[in-house]
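Containing compact mmCIF, C-alpha atoms: start-v2.txt.
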```txt
# COMPACT_ATOMS: atom_id res chain seq x y z
CA MET D 1 21.40 -11.89 -4.41
CA ILE D 2 18.33 -11.78 -6.52
CA SER D 3 17.92 -10.18 -9.87
CA LEU D 4 14.81 -8.22 -10.75
CA SER D 5 14.36 -9.79 -14.10
CA ASN D 6 13.77 -13.20 -12.57
CA ILE D 7 10.44 -12.25 -11.01
CA ARG D 8 7.65 -14.02 -12.86
CA HIS D 9 4.75 -13.92 -10.43
CA HIS D 10 3.27 -10.70 -9.11
CA PRO D 11 0.42 -9.56 -6.87
CA LYS D 12 -2.94 -8.97 -8.52
CA VAL D 13 -3.68 -5.41 -9.56
CA GLU D 14 -6.48 -5.12 -6.99
CA THR D 15 -4.12 -6.28 -4.24
CA LEU D 16 -1.65 -3.52 -5.15
CA ALA D 17 -4.52 -1.03 -5.19
CA ALA D 18 -5.70 -2.16 -1.75
CA TYR D 19 -2.12 -1.78 -0.49
CA ALA D 20 -1.90 1.77 -1.86
CA ALA D 21 -5.29 2.60 -0.37
CA GLY D 22 -3.95 1.51 3.04
CA ASN D 23 -6.59 -1.16 3.08
CA LEU D 24 -4.67 -4.42 3.59
CA ASP D 25 -4.24 -6.02 6.96
CA GLU D 26 -0.75 -5.66 8.40
CA ALA D 27 0.35 -9.21 7.55
CA ARG D 28 -0.46 -8.86 3.88
CA GLY D 29 0.94 -5.34 3.87
CA VAL D 30 4.33 -6.64 4.97
CA VAL D 31 4.37 -9.27 2.22
CA ILE D 32 3.49 -6.74 -0.48
CA ALA D 33 5.95 -4.14 0.84
CA THR D 34 8.72 -6.75 0.77
CA HIS D 35 7.89 -7.74 -2.81
CA LEU D 36 7.93 -4.06 -3.75
CA THR D 37 11.50 -3.62 -2.58
CA LEU D 38 12.41 -5.96 -5.40
CA CYS D 39 9.92 -5.28 -8.15
CA ALA D 40 10.06 -2.00 -10.06
CA ASP D 41 6.93 -2.79 -12.09
CA CYS D 42 4.81 -3.26 -8.98
CA ARG D 43 6.36 -0.16 -7.40
CA LEU D 44 5.23 1.86 -10.38
CA ALA D 45 1.74 0.36 -10.16
CA VAL D 46 1.53 1.24 -6.45
CA ARG D 47 2.80 4.74 -7.18
CA ASP D 48 0.02 5.14 -9.74
CA PHE D 49 -2.56 3.93 -7.23
CA GLU D 50 -1.21 6.39 -4.68
CA SER D 51 -1.68 9.04 -7.29
CA LEU D 52 -5.28 7.83 -7.61
CA GLY D 53 -5.46 8.20 -3.82
CA GLY D 54 -4.20 11.75 -4.25
CA ALA D 55 -6.96 12.44 -6.78
CA CYS D 56 -9.46 10.97 -4.31
CA LEU D 57 -8.09 13.16 -1.53
CA GLU D 58 -8.52 16.25 -3.71
CA SER D 59 -12.12 15.25 -4.35
CA VAL D 60 -13.02 14.78 -0.67
CA GLU D 61 -15.51 17.32 0.53
CA PRO D 62 -13.45 19.68 2.71
CA ALA D 63 -14.39 19.75 6.40
CA PRO D 64 -13.59 23.27 7.63
CA MET D 65 -10.79 23.31 10.19
CA ASN D 66 -11.34 24.85 13.62
CA GLU D 67 -10.78 28.59 13.59
CA SER D 68 -7.55 28.41 15.54
CA ALA D 69 -6.16 25.40 13.67
CA LEU D 70 -3.49 27.19 11.64
CA ALA D 71 -2.23 29.17 14.66
CA SER D 72 -2.18 26.03 16.75
CA PHE D 73 -0.37 24.23 13.93
CA TRP D 74 2.47 26.79 13.94
CA THR D 75 2.71 26.54 17.72
CA ARG D 76 3.12 22.79 17.40
CA ALA D 77 5.61 23.15 14.58
CA GLY D 78 7.43 25.54 16.93
CA ALA D 79 11.16 25.54 16.74
CA GLN D 80 11.23 21.94 15.52
CA GLU D 81 13.80 21.47 12.87
CA ARG D 82 12.61 20.03 9.63
CA ALA D 83 14.01 16.63 8.70
CA ALA D 84 17.11 16.78 6.59
CA GLY D 85 16.67 15.46 3.11
CA SER D 86 18.36 12.21 2.24
CA ALA D 87 16.64 10.32 -0.52
CA SER D 88 17.92 6.81 -0.85
CA LYS D 89 20.15 6.10 -3.78
CA ARG D 90 20.09 2.40 -2.99
CA ALA D 91 19.96 0.25 -6.07
CA ALA D 92 16.90 -1.97 -6.24
CA ASN D 93 18.62 -5.11 -7.34
CA ASP D 94 21.50 -5.57 -4.98
CA PHE D 95 20.44 -6.83 -1.60
CA ALA D 96 19.13 -9.93 0.12
CA LEU D 97 15.35 -10.08 0.12
CA ASP D 98 15.10 -11.36 3.69
CA ALA D 99 17.04 -8.31 4.87
CA ALA D 100 14.80 -5.90 3.00
CA HIS D 101 12.69 -3.32 4.72
CA PRO D 102 10.10 -3.73 6.11
CA LEU D 103 10.51 -7.45 6.70
CA ALA D 104 13.86 -6.88 8.38
CA SER D 105 12.23 -4.80 11.10
CA TYR D 106 9.99 -7.76 11.97
CA LEU D 107 12.92 -10.19 11.87
CA LYS D 108 15.50 -8.26 13.80
CA ARG D 109 17.93 -11.16 14.04
CA GLY D 110 17.47 -12.30 10.48
CA VAL D 111 16.19 -15.46 8.88
CA ASP D 112 19.23 -17.47 9.93
CA ALA D 113 18.51 -16.90 13.63
CA ILE D 114 14.96 -18.22 13.49
CA GLU D 115 14.14 -21.00 15.89
CA TRP D 116 11.96 -23.05 13.62
CA ARG D 117 9.11 -25.03 15.09
CA GLN D 118 8.67 -28.36 13.39
CA VAL D 119 5.05 -28.85 12.36
CA ALA D 120 5.35 -31.97 10.19
CA PRO D 121 8.18 -33.97 8.67
CA GLY D 122 10.18 -31.56 6.51
CA LEU D 123 7.96 -28.63 7.42
CA ALA D 124 8.72 -25.95 10.01
CA GLN D 125 7.25 -22.56 10.75
CA GLN D 126 7.59 -19.37 12.72
CA ILE D 127 4.68 -17.03 13.42
CA ILE D 128 5.64 -13.37 13.14
CA PRO D 129 3.69 -10.98 15.34
CA ALA D 130 2.04 -8.55 12.94
CA GLU D 131 -1.41 -8.05 14.36
CA GLY D 132 -2.66 -4.81 13.01
CA TYR D 133 -6.11 -3.48 13.58
CA ARG D 134 -7.36 -5.82 10.89
CA LYS D 135 -7.02 -9.54 11.47
CA GLY D 136 -4.28 -11.27 9.59
CA VAL D 137 -1.63 -13.89 10.28
CA LEU D 138 1.98 -13.62 9.13
CA ARG D 139 4.26 -16.64 9.20
CA LEU D 140 7.46 -17.98 7.76
CA LEU D 141 7.35 -21.50 6.45
CA LYS D 142 10.37 -23.66 5.73
CA ILE D 143 9.79 -26.56 3.38
CA ASN D 144 12.57 -29.08 2.97
CA PRO D 145 13.54 -30.09 -0.58
CA GLY D 146 11.16 -32.63 -2.03
CA VAL D 147 8.48 -32.00 0.59
CA ARG D 148 4.98 -31.22 -0.56
CA ILE D 149 2.54 -29.10 1.47
CA PRO D 150 -0.73 -30.96 1.97
CA LYS D 151 -3.45 -29.90 -0.40
CA HIS D 152 -5.36 -26.92 0.92
CA SER D 153 -7.47 -23.97 -0.14
CA HIS D 154 -8.47 -20.66 1.37
CA GLY D 155 -11.72 -19.17 2.43
CA ASP D 156 -10.15 -15.81 1.72
CA GLU D 157 -6.87 -14.52 0.41
CA GLU D 158 -3.35 -15.83 0.85
CA LEU D 159 -0.16 -14.08 -0.19
CA THR D 160 3.04 -16.09 -0.37
CA LEU D 161 6.42 -14.55 -1.12
CA ILE D 162 9.40 -16.80 -1.77
CA LEU D 163 12.46 -15.63 0.16
CA ARG D 164 14.83 -18.52 -0.49
CA GLY D 165 14.83 -21.72 -2.50
CA SER D 166 11.96 -22.47 -4.82
CA TYR D 167 8.68 -24.28 -5.06
CA ALA D 168 6.33 -25.32 -7.78
CA TYR D 169 2.69 -26.10 -8.16
CA GLU D 170 -0.07 -26.03 -10.76
CA VAL D 171 0.39 -22.31 -11.47
CA GLY D 172 4.12 -22.53 -12.20
CA ASP D 173 7.58 -22.32 -10.69
CA PHE D 174 8.26 -19.83 -7.92
CA SER D 175 11.70 -18.43 -7.07
CA PRO D 176 12.84 -15.71 -4.63
CA GLY D 177 10.86 -12.52 -5.18
CA ASP D 178 7.94 -14.33 -6.79
CA LEU D 179 4.61 -13.80 -5.12
CA ALA D 180 1.56 -16.06 -5.24
CA ASP D 181 -1.65 -14.07 -4.78
CA LEU D 182 -4.44 -16.55 -4.22
CA ASP D 183 -8.02 -15.86 -3.42
CA ASP D 184 -9.33 -18.93 -5.12
CA SER D 185 -11.07 -21.88 -3.68
CA VAL D 186 -8.91 -24.09 -5.89
CA PRO D 187 -6.92 -26.43 -3.69
CA HIS D 188 -3.18 -26.28 -4.24
CA SER D 189 -0.27 -28.30 -3.01
CA PRO D 190 3.16 -26.73 -3.56
CA LEU D 191 6.29 -28.88 -3.74
CA ALA D 192 9.69 -27.56 -2.65
CA THR D 193 12.01 -27.97 -5.58
CA GLY D 194 15.74 -27.46 -5.83
CA GLU D 195 18.62 -28.24 -3.49
CA GLU D 196 17.98 -25.97 -0.52
CA ALA D 197 14.96 -25.61 1.76
CA CYS D 198 12.32 -23.23 0.49
CA ILE D 199 11.60 -20.38 2.90
CA CYS D 200 8.48 -18.39 2.24
CA LEU D 201 6.63 -15.56 3.90
CA ILE D 202 2.90 -16.18 4.07
CA ALA D 203 0.05 -13.87 5.00
CA THR D 204 -3.40 -15.26 5.45
CA SER D 205 -6.55 -13.53 6.51
CA ALA D 206 -8.47 -16.73 7.07
CA PRO D 207 -7.60 -20.22 8.29
CA LEU D 208 -6.30 -22.66 5.71
CA ARG D 209 -8.59 -25.52 4.85
CA PHE D 210 -6.78 -28.78 4.32
CA LYS D 211 -8.31 -31.32 1.98
CA THR D 212 -6.64 -34.51 3.05
CA LEU D 213 -6.37 -36.54 6.19
CA VAL D 214 -2.64 -35.74 6.47
CA GLY D 215 -3.48 -32.06 6.14
CA ARG D 216 -6.18 -32.25 8.78
CA VAL D 217 -3.74 -33.98 11.10
CA VAL D 218 -1.06 -31.34 10.41
CA GLN D 219 -3.44 -28.40 10.77
CA PRO D 220 -3.63 -28.29 14.59
CA PHE D 221 0.17 -28.22 14.71
CA ILE D 222 0.44 -25.39 12.25
CA GLY D 223 -1.79 -23.60 14.67
CA LEU D 224 -4.53 -22.37 12.43
CA MET N 225 0.93 19.24 -25.75
CA TYR N 226 -0.75 16.37 -23.98
CA ARG N 227 -0.83 18.19 -20.70
CA ALA N 228 -2.67 21.13 -22.17
CA LEU N 229 -5.16 18.73 -23.69
CA ALA N 230 -5.66 16.81 -20.47
CA ARG N 231 -6.19 20.04 -18.59
CA LYS N 232 -8.80 21.16 -21.08
CA MET N 233 -10.61 17.84 -20.93
CA THR N 234 -10.70 17.90 -17.17
CA PHE N 235 -12.09 21.39 -17.03
CA GLN N 236 -14.70 20.74 -19.67
CA SER N 237 -16.17 17.51 -18.53
CA HIS N 238 -15.89 17.20 -14.78
CA SER N 239 -16.37 19.04 -11.60
CA ARG N 240 -15.80 16.08 -9.27
CA VAL N 241 -12.11 16.75 -8.96
CA PRO N 242 -10.62 20.24 -8.67
CA GLY N 243 -8.95 21.40 -11.87
CA ASN N 244 -5.33 20.64 -12.51
CA ALA N 245 -4.39 24.28 -12.19
CA ALA N 246 -5.04 24.07 -8.44
CA ALA N 247 -3.18 20.77 -8.17
CA ASP N 248 -0.18 22.06 -10.17
CA GLU N 249 -0.09 25.13 -7.96
CA MET N 250 -0.03 22.95 -4.84
CA THR N 251 2.88 20.95 -6.19
CA ALA N 252 4.77 24.17 -6.96
CA LEU N 253 4.03 25.48 -3.46
CA LEU N 254 5.21 22.26 -1.82
CA ALA N 255 8.39 22.43 -3.89
CA LYS N 256 8.93 25.93 -2.49
CA VAL N 257 8.44 24.66 1.05
CA ALA N 258 10.90 21.86 0.25
CA ALA N 259 13.48 24.27 -1.12
CA ASP N 260 13.47 26.98 1.52
CA GLY N 261 10.80 26.37 4.15
CA ASP N 262 8.51 29.05 2.73
CA ARG N 263 5.85 29.58 5.42
CA ASP N 264 3.46 31.58 3.26
CA ALA N 265 3.49 28.78 0.70
CA PHE N 266 2.81 26.34 3.51
CA ASP N 267 -0.17 28.36 4.77
CA THR N 268 -1.76 28.03 1.35
CA LEU N 269 -1.07 24.29 1.31
CA PHE N 270 -2.59 24.02 4.77
CA GLY N 271 -5.70 25.87 3.60
CA PHE N 272 -6.17 23.43 0.71
CA PHE N 273 -5.16 20.10 2.21
CA ALA N 274 -5.94 20.26 5.96
CA PRO N 275 -9.75 20.47 5.45
CA ARG N 276 -9.59 17.65 2.91
CA ILE N 277 -7.55 15.44 5.24
CA LYS N 278 -10.03 16.26 7.99
CA GLY N 279 -12.88 15.31 5.65
CA TYR N 280 -11.06 12.09 4.76
CA LEU N 281 -10.61 11.16 8.43
CA MET N 282 -14.22 12.00 9.25
CA LYS N 283 -15.37 9.75 6.39
CA ILE N 284 -13.54 6.93 8.11
CA GLY N 285 -15.35 7.69 11.33
CA ALA N 286 -13.15 10.07 13.32
CA ALA N 287 -15.05 12.64 15.39
CA ALA N 288 -14.63 16.25 14.21
CA ASP N 289 -12.21 17.33 16.96
CA LEU N 290 -10.02 14.25 16.62
CA ALA N 291 -10.03 14.64 12.83
CA ASP N 292 -9.00 18.30 13.23
CA ASP N 293 -6.15 17.28 15.52
CA LEU N 294 -4.99 14.46 13.24
CA ALA N 295 -5.21 16.69 10.16
CA GLN N 296 -2.88 19.12 11.93
CA GLU N 297 -0.62 16.20 12.79
CA ALA N 298 -0.58 15.13 9.14
CA MET N 299 0.34 18.66 8.07
CA LEU N 300 3.05 18.64 10.72
CA ARG N 301 4.52 15.57 9.05
CA VAL N 302 4.28 17.35 5.71
CA TRP N 303 6.14 20.35 7.15
CA ARG N 304 8.84 18.25 8.81
CA LYS N 305 9.41 16.00 5.84
CA ALA N 306 9.02 18.65 3.18
CA LYS N 307 12.72 18.57 2.34
CA LEU N 308 12.23 14.99 1.18
CA PHE N 309 9.58 16.04 -1.32
CA ASP N 310 10.75 15.77 -4.90
CA PRO N 311 8.32 17.16 -7.49
CA ALA N 312 9.97 14.90 -10.07
CA LYS N 313 8.73 11.87 -8.13
CA ALA N 314 5.23 12.82 -6.98
CA SER N 315 2.64 15.54 -7.10
CA ALA N 316 1.70 17.25 -3.84
CA SER N 317 -1.64 15.44 -3.59
CA THR N 318 -0.05 12.01 -4.13
CA TRP N 319 2.62 12.67 -1.52
CA ILE N 320 0.23 14.16 1.01
CA PHE N 321 -2.22 11.29 0.45
CA THR N 322 0.48 8.78 1.45
CA ILE N 323 1.22 10.81 4.59
CA ALA N 324 -2.45 11.07 5.58
CA ARG N 325 -3.00 7.38 4.84
CA ASN N 326 -0.02 6.32 6.97
CA LEU N 327 -1.10 8.60 9.78
CA ARG N 328 -4.54 7.06 9.90
CA ILE N 329 -3.04 3.54 9.86
CA ASP N 330 -0.72 4.50 12.74
CA ALA N 331 -3.63 6.04 14.64
CA ALA N 332 -5.72 2.89 14.17
CA ARG N 333 -2.81 0.70 15.31
CA ARG N 334 -2.30 2.85 18.40
CA ALA N 335 -6.00 2.60 19.19
CA ALA N 336 -5.91 -1.19 18.82
CA LYS N 337 -2.65 -1.58 20.74
CA PRO N 338 -2.26 1.24 23.27
CA ALA N 339 1.14 0.01 24.48
CA LEU N 340 2.66 0.20 21.05
CA ASP N 341 6.39 -0.38 20.99
CA PRO N 342 8.02 2.85 19.77
CA ASP N 343 10.30 0.67 17.65
CA GLU N 344 7.29 -0.87 15.98
CA PRO N 345 8.04 -1.04 12.30
CA THR N 346 6.20 1.47 10.18
CA LEU N 347 4.34 -0.58 7.71
CA LEU N 348 4.03 1.86 4.88
CA PRO N 349 7.04 4.14 4.79
CA GLU N 350 6.53 7.46 3.08
CA HIS N 351 8.42 6.87 0.00
CA GLU N 352 12.05 6.34 0.23
CA PRO N 353 12.10 5.87 -3.48
CA LEU N 354 14.38 3.27 -4.93
CA ALA N 355 16.50 4.19 -7.89
CA ASP N 356 13.80 3.69 -10.49
CA ALA N 357 13.97 4.78 -14.07
CA ARG N 358 12.61 8.30 -14.26
CA ILE N 359 9.02 8.61 -15.27
CA ASP N 360 7.05 11.66 -16.25
CA VAL N 361 5.21 11.97 -12.96
CA ALA N 362 3.27 15.10 -13.85
CA ALA N 363 1.89 13.54 -17.03
CA ARG N 364 1.01 10.30 -15.25
CA ASP N 365 -0.73 12.06 -12.38
CA GLU N 366 -2.75 14.26 -14.72
CA ARG N 367 -3.92 11.28 -16.74
CA ILE N 368 -4.79 9.29 -13.63
CA LYS N 369 -6.80 12.17 -12.29
CA ALA N 370 -8.60 12.73 -15.58
CA ALA N 371 -9.33 9.01 -15.92
CA PHE N 372 -10.62 8.90 -12.34
CA ALA N 373 -12.91 11.87 -12.91
CA ALA N 374 -14.21 10.30 -16.13
CA LEU N 375 -15.13 6.93 -14.59
CA PRO N 376 -18.77 5.86 -14.88
CA PRO N 377 -20.54 6.71 -11.60
CA ALA N 378 -20.78 3.07 -10.43
CA GLN N 379 -17.00 2.60 -10.80
CA TYR N 380 -16.19 6.03 -9.39
CA GLU N 381 -18.22 5.16 -6.32
CA VAL N 382 -16.39 1.90 -5.52
CA VAL N 383 -12.96 3.49 -6.07
CA HIS N 384 -13.93 6.34 -3.76
CA LEU N 385 -15.21 3.99 -1.05
CA HIS N 386 -12.04 1.90 -1.30
CA PHE N 387 -9.53 4.78 -1.21
CA VAL N 388 -11.34 7.39 0.88
CA GLU N 389 -13.55 5.44 3.23
CA ASP N 390 -11.05 2.62 3.68
CA LEU N 391 -13.64 -0.05 2.97
CA THR N 392 -12.44 -3.51 1.95
CA HIS N 393 -14.01 -5.22 -1.03
CA SER N 394 -16.45 -7.11 1.17
CA GLU N 395 -17.32 -4.01 3.20
CA ILE N 396 -18.10 -2.17 -0.06
CA ALA N 397 -20.31 -5.08 -1.11
CA GLU N 398 -22.18 -4.83 2.17
CA ARG N 399 -22.52 -1.06 2.03
CA LEU N 400 -23.88 -1.04 -1.52
CA ASP N 401 -25.76 -4.30 -1.20
CA LEU N 402 -23.87 -5.84 -4.12
CA ALA N 403 -22.29 -9.23 -4.68
CA LEU N 404 -18.59 -9.33 -3.79
CA GLY N 405 -17.81 -10.35 -7.38
CA THR N 406 -19.59 -7.24 -8.68
CA VAL N 407 -17.49 -4.99 -6.45
CA LYS N 408 -14.28 -6.68 -7.57
CA SER N 409 -15.18 -6.47 -11.24
CA ARG N 410 -16.13 -2.78 -10.94
CA LEU N 411 -12.81 -2.03 -9.31
CA ARG N 412 -10.96 -4.08 -11.90
CA LEU N 413 -12.74 -2.28 -14.75
CA ALA N 414 -11.90 1.08 -13.20
CA PHE N 415 -8.24 0.13 -12.78
CA GLU N 416 -8.07 -1.21 -16.33
CA LYS N 417 -9.45 2.06 -17.70
CA ILE N 418 -6.95 4.08 -15.74
CA ARG N 419 -4.05 1.87 -16.79
CA LYS N 420 -5.17 1.94 -20.39
CA ASP N 421 -5.03 5.72 -20.33
CA LEU N 422 -1.42 5.46 -19.16
CA GLY N 423 -0.57 2.97 -21.87
CA ASP N 424 1.68 5.10 -24.04
CA LEU N 425 3.47 6.68 -21.08
CA VAL N 426 5.42 3.53 -20.34
CA GLU N 427 8.98 4.51 -19.74
```

If you convert what's in this file into structure tokens, what do you get?
Amino acid sequence: MISLSNIRHHPKVETLAAYAAGNLDEARGVVIATHLTLCADCRLAVRDFESLGGACLESVEPAPMNESALASFWTRAGAQERAAGSASKRAANDFALDAAHPLASYLKRGVDAIEWRQVAPGLAQQIIPAEGYRKGVLRLLKINPGVRIPKHSHGDEELTLILRGSYAYEVGDFSPGDLADLDDSVPHSPLATGEEACICLIATSAPLRFKTLVGRVVQPFIGL
Amino acid sequence: MYRALARKMTFQSHSRVPGNAAADEMTALLAKVAADGDRDAFDTLFGFFAPRIKGYLMKIGAAADLADDLAQEAMLRVWRKAKLFDPAKASASTWIFTIARNLRIDAARRAAKPALDPDEPTLLPEHEPLADARIDVAARDERIKAAFAALPPAQYEVVHLHFVEDLTHSEIAERLDLALGTVKSRLRLAFEKIRKDLGDLVE
């Protein structure tokens, strides 16, 4: 179980805005949505951006509906029953992150049932199909304790959400619920810390660029 | 007292966004639909929101007839889910925006992947709100709207392109012939202004 107050690293404001605008590719959307299940501050920020979306919607120049639209609407609505109301009373701080919606619907058998594919010593991954209409790649990465990911940077953005274990790099220490939102060209090289393997959910919109020979050798296996 | 002030400011200075009176009325009407399925109230909501959703979808590139059909579909979702609407958690325009946004994402996914698995996870659920501390939604939404309407034109434009025309940062840069960094900093400035205006509403 993870406690809210432990989250130290959050998405950038403009990433939350892009999520609220419906503008992220599916892979990054899943990562943000999963972080949101845990982080009340980011949920509030997204709510505010959706409210900004509402203001934008009000300001859109209306396009007159076809003359028969309302009548045709009521025909479609027909005898259909309206959904019964059942707002969730689920507490935000009492569930396992890897079972949280919407990630759970992509991982129907759970994290423990994953058949990891070894990509380098101490490093395994699983690609999760999440191809939306915008290109993006979603994967789970398992880093054994003490293993360091080869130094790499990104042509574009990478979102990494820690699900289990922990890792550390130049920016700080990352624990479950923490999210690294990187669009920099600064190479980074996270090290799995702690006793258990670090499992993280990673969305990239562009191939990783490895900086070292080891990285370039690993890259074809990671499949980027 | 604040609300009255915000309303006054909005009316005085801006015509880009309809006044709050209209928006408040829509929220009250949607609450009526939520409470007892009031069809007359819904007709008024349809008259206000359906053409705006259609305009939104056409901005993104949908042809008029498809946009008309999808706008009806969005309003159908509003009608079916109305019981879930809680005016303490969102204003009508915020809630309906999330529905229209999700519908257009679903439509784009269906277009990209015609054989979509019906069990395909919905990426952006209409809010199934977690048990958050209560916030004064009406006050927040009014301030956000006023701050949006008061943005300098260059910032207003990028926010609008991002939220209404679904352009990514780099697509906005291309459209306006600006550097990517300029687009990002305009958006950031706009978001900072809006958040600053919410500063003392922190729960």

query: Using only C-alpha atoms, which residue out of N:Asp330, N:Asp360, N:Asp365, N:Asp262 lies closest to chain D?
result: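 The shortest atom-to-atom distance to chain D comes from N:Asp365.
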
message: Using Å and a single decimal, report how far CA of Leu253 (chain N) sits from CA of Ala265 (chain N).
response: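 That distance, rounded to one decimal, is 5.3 Å.
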
message: Report, in Å to a single decimal, how far apart CA of Ala306 (chain N) and CA of Ala255 (chain N) are.
response: 8.0 Å

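From CA of Gly136 (chain D) back to CA of Ile320 (chain N), the distance works out to 27.2 Å.
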
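With all atoms listed in the file as the atoms that count, the minimum distance from Val147 (chain D) to the choices D:Ser175, D:Gln118, D:Thr193, D:Thr37 is reached by D:Thr193.
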
- prompt: If we count only C-alpha atoms, what is near Val302 (chain N) at a cut-off of 9 Å, once residues fewer than 3 positions away on the same chain are taken out, given as a PyMOL selection string?
  reply: chain N and resi 297-299+305-306+309+319-320+323

- prompt: Counting all atoms listed in the file, what is within 10 Å of Leu201 (chain D), bar same-chain residues fewer than 4 positions away, as a ChimeraX atom specification?
  reply: /D:27-28,30-31,34,98,103,125-128,138-142,159-164,179

- line: Of N:Lys420, N:Arg334, N:Arg325, N:His384, the one sitting nearest Leu24 (chain D) when using all atoms listed in the file is N:Arg325

query: Which is closer to chain N than all the others in D:Asn6, D:Ile114, D:Gly53, D:Ala45, using only C-alpha atoms?
result: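 Once distances to chain N are computed over only C-alpha atoms, the minimum belongs to D:Gly53.
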
message: Neighbouring residues of Ala286 (chain N) were defined as those with any atom within 12 Å, considering only C-alpha atoms; residues of the same chain fewer than 2 positions away were excluded. Please report them as a ChimeraX atom specification.
response: /D:63 /N:277-284,288-295,328,331-332,335,389

field: Residues within 9 Å of (-4.9, 3.6, 3.2), file coords, all atoms listed in the file, listed as a list in words
entry: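 Protein and nucleic acid residues near the point are Ala18, Tyr19, Ala20, Ala21, Gly22, Asn23, Leu24 and Gly53 of chain D; Phe321, Thr322, Ala324, Arg325, Asn326, Arg328, Ile329, His386, Phe387, Val388, Glu389 and Asp390 of chain N.
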
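Excluding Ala316 (chain N) itself and same-chain residues fewer than 6 positions from it, the residues having an atom within 9 Å of it are D:Gly54, N:Ala247, N:Asp248, N:Met250, N:Thr251, N:Ala252, N:Leu253, N:Leu254, N:Ala255, N:Phe309, counting only C-alpha atoms.
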
query: Which residues come within 8 Å of region 70-74 of chain D, counting all atoms listed in the file, excluding same-chain residues fewer than 4 positions away, as JSON, numbers by chain?
result: {"D": [78], "N": [267, 270, 296, 300]}
